Amino acid sequence: MLRLKDGENLVAYFSMEIGIDPQIPTYAGGLGVLAGDTLRSMADLGIPAVGVTLLSEDGYFNQTINEEKGQIESFERWPFDRYLDRLPQEITIQTGKYNIFVRIWRYTVTGIHGGKVPILFLDTDYDKNDAQLRKITQRLYPVNKVLRLLQEVVLGVGGYKALEAVGYKPTVYHLNEGHSAFLTLEFLDRVRSNTAIEDPYEYVRSKCVFTTHTPVPAGHDTFDPGILEDNLEGYDLLKTIPNAFDDDGKLNMTKLALSMSNKVNGVAKEHAAVSRKMFPHHTISAITNGVHHTFWTSPPFQEIFNEYIPGWYDDPFALRSALNIPDYRIRQAHCQNKKILNKYIKDHTLVEFDEKTITIGFARRITKYKRPDLIFYDLEKLNYIAKRFPIQIVFAGKAHPEDKVGKSIIKEILNLNGKLSSRIKFVFLEGYDINLAKKIIPGVDVWLNTPKRPLEASGTSGMKAAINGVPHLSVLDGWWIEGYIEGTTGWSIGPKPSPDGYEKEDVDADDSDDLYFKLREVILPMYYHNKAQFTKIQKQAIALNGSYFNSHRMVQQYILKSYLG
Ligand SMILES: *Cc1c(COP(=O)(O)O)cnc(C)c1O
């Protein structure tokens with residue numbers, strides 16, 4: 001059994017994106033924020049770990065919003081030398097065609113008891129590489145397939161070599177999503193030359209842990225054999241790995257990671273079940289995601305937790321006793337958060353939100369399966385509800401620059417303003433990122449989540465809401481299937497995913513109907529006429545969900561079930 005504290009043991013955590021510091025924009029959304037929360041929890045818990053990612057000199061992109069044009073993207077270098085230390089080591093990667101030079105930067109996460117988790121940021125953008133290779137680590141998720149392949153080669157192969165060059169000796173490699181799966185190839189190549197190891201494949205598998213993150217097919221990278229032939233030196237070795245290729249001959253990075261990892265996890269129970277159907281040859285367990293509780297708790301709630309739940313910093317399970325906090329303190333803290341958000345809205349859009357009117361929030365990556373427009377499905381019904389109860393709605397989120405459908409949804413939503421009743425105030429805030437998430441999520445009264453079942457693997461923003469006493473109104477998918485108790489921690493929209501895994505194609509009408517029903521008959525009457533009941537739900541969200549859906553619990557489960565197991 002591994003001993004995690006003897007200095008010999010080390011978890012290497014690989015992720016294409018990591019959202020570790022609001023000033024370091026090397027993340028696109030939930031995947032990167034989860035990676036950041038994971039490493040924050042490891043540092044707090046004193047787990048010996050090291051993160052590996054790409055520098056992404058231009059981050060993801062900056063978003064501005066224009067009523068006519070929709071989303072406008074711009075790219076800007078972030079001042080990485082201000083936040084990261086350049087290490088003296090450099091590595092080279094030979095691919096079929098190229099020699100890629102990689103330099104290494106380091107950032108250190110410090111936990112509450114001084115535990116340190118370094119993160120290595122890999123960078124090809126310097127004078128030793130020609131212009132084409134310098135682009136490899138420029139931006140997250142390029143659509144150009146060659147660039148994307150080289151990016152994954154730098155992350156996986158380069159990451160393996162960088163750890164070695166700097167002197168880290170991992171005992172566990174954790175692949176956060178399939179992007180880093182080439183590390184198993186480099187690892188396998190080393191192990192093969194060690195004659196003391198009988199079964200190199202099994203050896204590598206015994207040290208690799210893989211987390212798969214999405215049931216959306218486009219979320220699983222594939223590469224044509226031609227591109228691999230030209231750009232991957234280990235292609236012949238790759239061909240010896242069983243089950244890594246799709247039927248059409250393409251390499252599937254998820255399948256490679258599955259084939260080379262003994263421990264595989266989905267990010268919520270339902271997601272693991274869906275993944276088992278997608279990849280029936282593998283054993284896939286579930287470790288449900290969590291969020292870093294202190295990072296995501298707003299200052300007003302930190303203050304009352306410090307007062308009523310001493311020790312919650314170390315032990316988020318203690319948040320169970322949020323039920324003991326007096327109602328008026330919860331309302332005061334929430335009201336402070338609402339004021340902060342309302343001021344931000346006024347400063348950035350000139351729209352004045354009212355403190356007494358209910359605010360519904362929706363902010364996340366804008367893409368079709370998340371159905372950002374579901375609440376606007378039938379404007380007549382929505383406007384009718386607003387006749388009885390005034391409503392404020394705040395939106396934010398970026399669409400990938402190449403996601404045409406996502407971008408058209410943003411445009412559509414921006415053009416709604418003229419069609420909404422005067423009793424509905426609506427704003428779309430530009431530039432969604434960690435800082436904005438920290439303002440929007442705690443500052444609304446209800447957090448809305450309307451993905452198409454069963455495509456939301458977990459979702460984490462609803463957990464951030466729960467910890468700040470903001471009830472969740474969500475489709476039953478991802479973590480919410482585990483977190484919802486109807487009318488106790490929040491509310492559901494629509495049915496549970498069907499047990500046979502087949503969903504009706506067109507559920508938007510039914511789901512929006514149920515959403516309108518919940519707003520009209522349950523949530524809005526309670527908010528306006530039964531404050532005590534609403535506050536009770538806020539406290540129950542903290543006590544039942546904040547205490548469980550946090551990354552301290554998640555990391556502890558990874559250690560017990562995957563790293564040590
Ligand atoms: C938490 C978070 C997400 C993930 O949101 P989901 O609703 O879980 O998809 C995306 N972006 C940012 C900036 C976040 O903080």
# chains A, B, ... in the order shown; residues from 1 in each chain; ligands from 1
call {"tool": "residues_around", "arguments": {"residues": "Ala43 in chain A", "least_positions_apart": "4", "cutoff": "6 Å", "atoms": "only C-alpha atoms", "output": "number ranges by chain"}}
result
A: 110-111, 115-117
call {"tool": "write_last_selection", "arguments": {"atoms": "N, CA, C and O atoms", "output": "mmCIF file, in the first residue's frame"}}
result
data_model
loop_
_atom_site.group_PDB
_atom_site.id
_atom_site.type_symbol
_atom_site.label_atom_id
_atom_site.label_comp_id
_atom_site.auth_asym_id
_atom_site.auth_seq_id
_atom_site.Cartn_x
_atom_site.Cartn_y
_atom_site.Cartn_z
ATOM 1 N N THR A 110 -0.235 27.136 -2.148
ATOM 2 C CA THR A 110 0.048 26.899 -0.732
ATOM 3 C C THR A 110 -1.257 26.677 0.016
ATOM 4 O O THR A 110 -2.179 27.481 -0.084
ATOM 5 N N GLY A 111 -1.334 25.568 0.726
ATOM 6 C CA GLY A 111 -2.557 25.229 1.460
ATOM 7 C C GLY A 111 -2.643 25.946 2.798
ATOM 8 O O GLY A 111 -1.689 26.623 3.213
ATOM 9 N N GLY A 115 0.957 23.301 3.234
ATOM 10 C CA GLY A 115 1.223 22.278 2.222
ATOM 11 C C GLY A 115 1.442 22.929 0.868
ATOM 12 O O GLY A 115 0.779 23.921 0.538
ATOM 13 N N LYS A 116 2.417 22.418 0.105
ATOM 14 C CA LYS A 116 2.726 23.064 -1.175
ATOM 15 C C LYS A 116 2.501 22.103 -2.337
ATOM 16 O O LYS A 116 2.984 20.979 -2.324
ATOM 17 N N VAL A 117 1.754 22.573 -3.320
ATOM 18 C CA VAL A 117 1.555 21.802 -4.546
ATOM 19 C C VAL A 117 2.050 22.646 -5.729
ATOM 20 O O VAL A 117 1.441 23.665 -6.056
#
call {"tool": "closest_atom_pairs", "arguments": {"of": "chain A", "to": "ligand 1", "cutoff": "9 Å", "atoms": "only C-alpha atoms and all ligand atoms", "output": "tab-separated table"}}
result
residue	atom	partner	partner_atom_place_in_ligand_line	distance
A:Gly19	CA	ligand 1	13 (C)	8.3
A:Tyr27	CA	ligand 1	13 (C)	8.2
A:Ala28	CA	ligand 1	11 (N)	6.8
A:Gly29	CA	ligand 1	11 (N)	3.8
A:Gly30	CA	ligand 1	4 (C)	3.5
A:Leu31	CA	ligand 1	4 (C)	7.3
A:Gly32	CA	ligand 1	10 (C)	8.2
A:Val33	CA	ligand 1	15 (O)	6.0
A:Leu34	CA	ligand 1	1 (C)	7.5
A:Val291	CA	ligand 1	1 (C)	8.1
A:Trp296	CA	ligand 1	15 (O)	8.8
A:Phe362	CA	ligand 1	7 (O)	8.0
A:Ala363	CA	ligand 1	7 (O)	6.6
A:Arg364	CA	ligand 1	5 (O)	4.6
A:Arg365	CA	ligand 1	10 (C)	5.9
A:Ile366	CA	ligand 1	9 (O)	8.9
A:Lys370	CA	ligand 1	9 (O)	8.0
A:Gly397	CA	ligand 1	11 (N)	7.5
A:Lys398	CA	ligand 1	11 (N)	8.7
A:Tyr432	CA	ligand 1	13 (C)	5.9
A:Asp433	CA	ligand 1	13 (C)	3.8
A:Ile434	CA	ligand 1	13 (C)	4.2
A:Asn435	CA	ligand 1	13 (C)	7.5
A:Leu436	CA	ligand 1	13 (C)	7.3
A:Ala437	CA	ligand 1	15 (O)	5.1
A:Lys438	CA	ligand 1	15 (O)	7.4
A:Ile441	CA	ligand 1	15 (O)	9.0
A:Leu448	CA	ligand 1	7 (O)	8.9
A:Asn449	CA	ligand 1	7 (O)	6.9
A:Glu456	CA	ligand 1	9 (O)	8.0
A:Ser458	CA	ligand 1	8 (O)	6.9
A:Gly459	CA	ligand 1	8 (O)	3.2
A:Thr460	CA	ligand 1	8 (O)	3.7
A:Ser461	CA	ligand 1	7 (O)	4.2
A:Gly462	CA	ligand 1	7 (O)	6.4
A:Met463	CA	ligand 1	8 (O)	8.2
A:Lys464	CA	ligand 1	1 (C)	7.1
call {"tool": "select_by_dssp", "arguments": {"residues": "range 219-329 of chain A", "states": "alpha helix (DSSP H)", "output": "VMD selection string"}}
result
chain A and resid 225 to 231 235 to 239 253 to 259 269 to 278 293 to 296 299 to 308 327 to 329
call {"tool": "residues_around", "arguments": {"residues": "range 217-233 of chain A", "least_positions_apart": "6", "cutoff": "10 Å", "atoms": "only C-alpha atoms", "output": "ChimeraX atom specification"}}
result
/A:93-98,145-146,148-150,152-153,177-179,182,245-246,248-255,278,455
call {"tool": "write_last_selection", "arguments": {"atoms": "N, CA, C and O atoms", "output": "compact mmCIF listing (two decimals), in the first residue's frame"}}
result
# COMPACT_ATOMS: atom_id res chain seq x y z
N ILE A 93 11.13 17.31 -27.37
CA ILE A 93 10.28 16.20 -27.77
C ILE A 93 10.52 15.97 -29.26
O ILE A 93 10.39 16.90 -30.06
N GLN A 94 10.90 14.75 -29.59
CA GLN A 94 11.01 14.43 -31.01
C GLN A 94 9.67 13.86 -31.47
O GLN A 94 9.18 12.90 -30.88
N THR A 95 9.12 14.46 -32.51
CA THR A 95 7.96 13.82 -33.12
C THR A 95 8.46 13.34 -34.47
O THR A 95 9.62 13.51 -34.79
N GLY A 96 7.61 12.74 -35.28
CA GLY A 96 8.06 12.29 -36.59
C GLY A 96 8.74 13.41 -37.35
O GLY A 96 9.82 13.27 -37.91
N LYS A 97 8.12 14.57 -37.32
CA LYS A 97 8.55 15.67 -38.18
C LYS A 97 9.40 16.71 -37.46
O LYS A 97 10.22 17.37 -38.07
N TYR A 98 9.12 16.90 -36.19
CA TYR A 98 9.67 18.07 -35.52
C TYR A 98 10.50 17.72 -34.30
O TYR A 98 10.39 16.64 -33.72
N LYS A 145 -6.26 20.41 -36.39
CA LYS A 145 -6.01 19.09 -35.82
C LYS A 145 -4.54 18.82 -35.52
O LYS A 145 -4.19 18.17 -34.54
N VAL A 146 -3.67 19.34 -36.41
CA VAL A 146 -2.24 19.11 -36.18
C VAL A 146 -1.79 19.85 -34.92
O VAL A 146 -1.11 19.30 -34.05
N ARG A 148 -3.62 20.73 -32.47
CA ARG A 148 -4.26 20.09 -31.33
C ARG A 148 -3.48 18.83 -30.93
O ARG A 148 -3.25 18.58 -29.75
N LEU A 149 -3.07 18.06 -31.93
CA LEU A 149 -2.29 16.85 -31.63
C LEU A 149 -0.97 17.23 -30.95
O LEU A 149 -0.59 16.66 -29.93
N LEU A 150 -0.29 18.23 -31.55
CA LEU A 150 1.00 18.63 -30.96
C LEU A 150 0.81 19.15 -29.54
O LEU A 150 1.64 18.91 -28.66
N GLU A 152 -1.39 18.10 -27.43
CA GLU A 152 -1.59 16.95 -26.54
C GLU A 152 -0.28 16.15 -26.39
O GLU A 152 -0.04 15.54 -25.34
N VAL A 153 0.56 16.20 -27.42
CA VAL A 153 1.89 15.57 -27.30
C VAL A 153 2.73 16.34 -26.27
O VAL A 153 3.38 15.76 -25.41
N GLU A 177 -9.22 14.06 -17.76
CA GLU A 177 -9.69 14.08 -19.16
C GLU A 177 -8.62 13.46 -20.07
O GLU A 177 -7.45 13.36 -19.70
N GLY A 178 -9.03 13.03 -21.27
CA GLY A 178 -8.15 12.28 -22.16
C GLY A 178 -7.04 13.07 -22.85
O GLY A 178 -6.15 12.47 -23.45
N HIS A 179 -7.07 14.41 -22.74
CA HIS A 179 -6.08 15.22 -23.47
C HIS A 179 -4.64 14.83 -23.18
O HIS A 179 -3.76 15.04 -24.00
N PHE A 182 -1.28 10.80 -23.96
CA PHE A 182 0.02 10.41 -24.54
C PHE A 182 1.09 10.19 -23.48
O PHE A 182 2.13 9.60 -23.76
N PHE A 245 -8.42 2.56 -30.57
CA PHE A 245 -8.87 3.14 -31.85
C PHE A 245 -10.36 2.92 -32.07
O PHE A 245 -10.92 1.89 -31.68
N ASP A 246 -10.98 3.91 -32.72
CA ASP A 246 -12.38 3.75 -33.12
C ASP A 246 -12.46 2.81 -34.33
O ASP A 246 -11.46 2.53 -34.97
N ASP A 248 -13.42 3.34 -37.20
CA ASP A 248 -12.97 3.97 -38.46
C ASP A 248 -11.46 4.18 -38.49
O ASP A 248 -10.94 4.86 -39.38
N GLY A 249 -10.73 3.63 -37.53
CA GLY A 249 -9.27 3.71 -37.56
C GLY A 249 -8.69 4.92 -36.86
O GLY A 249 -7.47 5.07 -36.75
N LYS A 250 -9.56 5.82 -36.39
CA LYS A 250 -9.03 7.01 -35.70
C LYS A 250 -8.62 6.69 -34.27
O LYS A 250 -9.28 5.89 -33.60
N LEU A 251 -7.56 7.34 -33.84
CA LEU A 251 -7.18 7.22 -32.43
C LEU A 251 -8.20 8.00 -31.59
O LEU A 251 -8.52 9.15 -31.90
N ASN A 252 -8.69 7.37 -30.53
CA ASN A 252 -9.62 8.04 -29.63
C ASN A 252 -8.91 8.22 -28.28
O ASN A 252 -8.56 7.25 -27.63
N MET A 253 -8.69 9.48 -27.91
CA MET A 253 -7.87 9.76 -26.71
C MET A 253 -8.52 9.22 -25.44
O MET A 253 -7.83 8.84 -24.49
N THR A 254 -9.86 9.20 -25.42
CA THR A 254 -10.54 8.64 -24.25
C THR A 254 -10.28 7.14 -24.16
O THR A 254 -10.00 6.60 -23.09
N LYS A 255 -10.35 6.48 -25.32
CA LYS A 255 -10.12 5.04 -25.32
C LYS A 255 -8.67 4.71 -24.97
O LYS A 255 -8.41 3.71 -24.30
N MET A 278 -21.23 3.82 -22.91
CA MET A 278 -20.42 4.27 -24.05
C MET A 278 -19.19 3.39 -24.24
O MET A 278 -18.73 3.19 -25.35
N LEU A 455 -26.59 14.77 -20.76
CA LEU A 455 -25.31 15.25 -21.31
C LEU A 455 -24.47 16.07 -20.33
O LEU A 455 -23.30 16.33 -20.59
call {"tool": "closest_residue", "arguments": {"among": "A:Ile119, A:Ala35, A:Val172, A:Ala457", "to": "Leu87 in chain A", "atoms": "only C-alpha atoms"}}
result
A:Ile119
call {"tool": "atom_distance", "arguments": {"atom1": "CA of Ala541 in chain A", "atom2": "CA of Thr489 in chain A"}}
result
4.6 Å
call {"tool": "atom_distance", "arguments": {"atom1": "CA of Ser41 in chain A", "atom2": "CA of Met554 in chain A"}}
result
9.0 Å
call {"tool": "select_by_dssp", "arguments": {"residues": "range 56-151 of chain A", "states": "strand (DSSP E)", "output": "MDAnalysis selection string"}}
result
chainID A and resid 62:66 70:74 85:94 99:110 116:123
call {"tool": "residues_around", "arguments": {"residues": "Tyr528 in chain A", "least_positions_apart": "6", "cutoff": "12 Å", "atoms": "only C-alpha atoms", "output": "PyMOL selection string"}}
result
chain A and resi 356-359+388-391+445+519-522+534-535
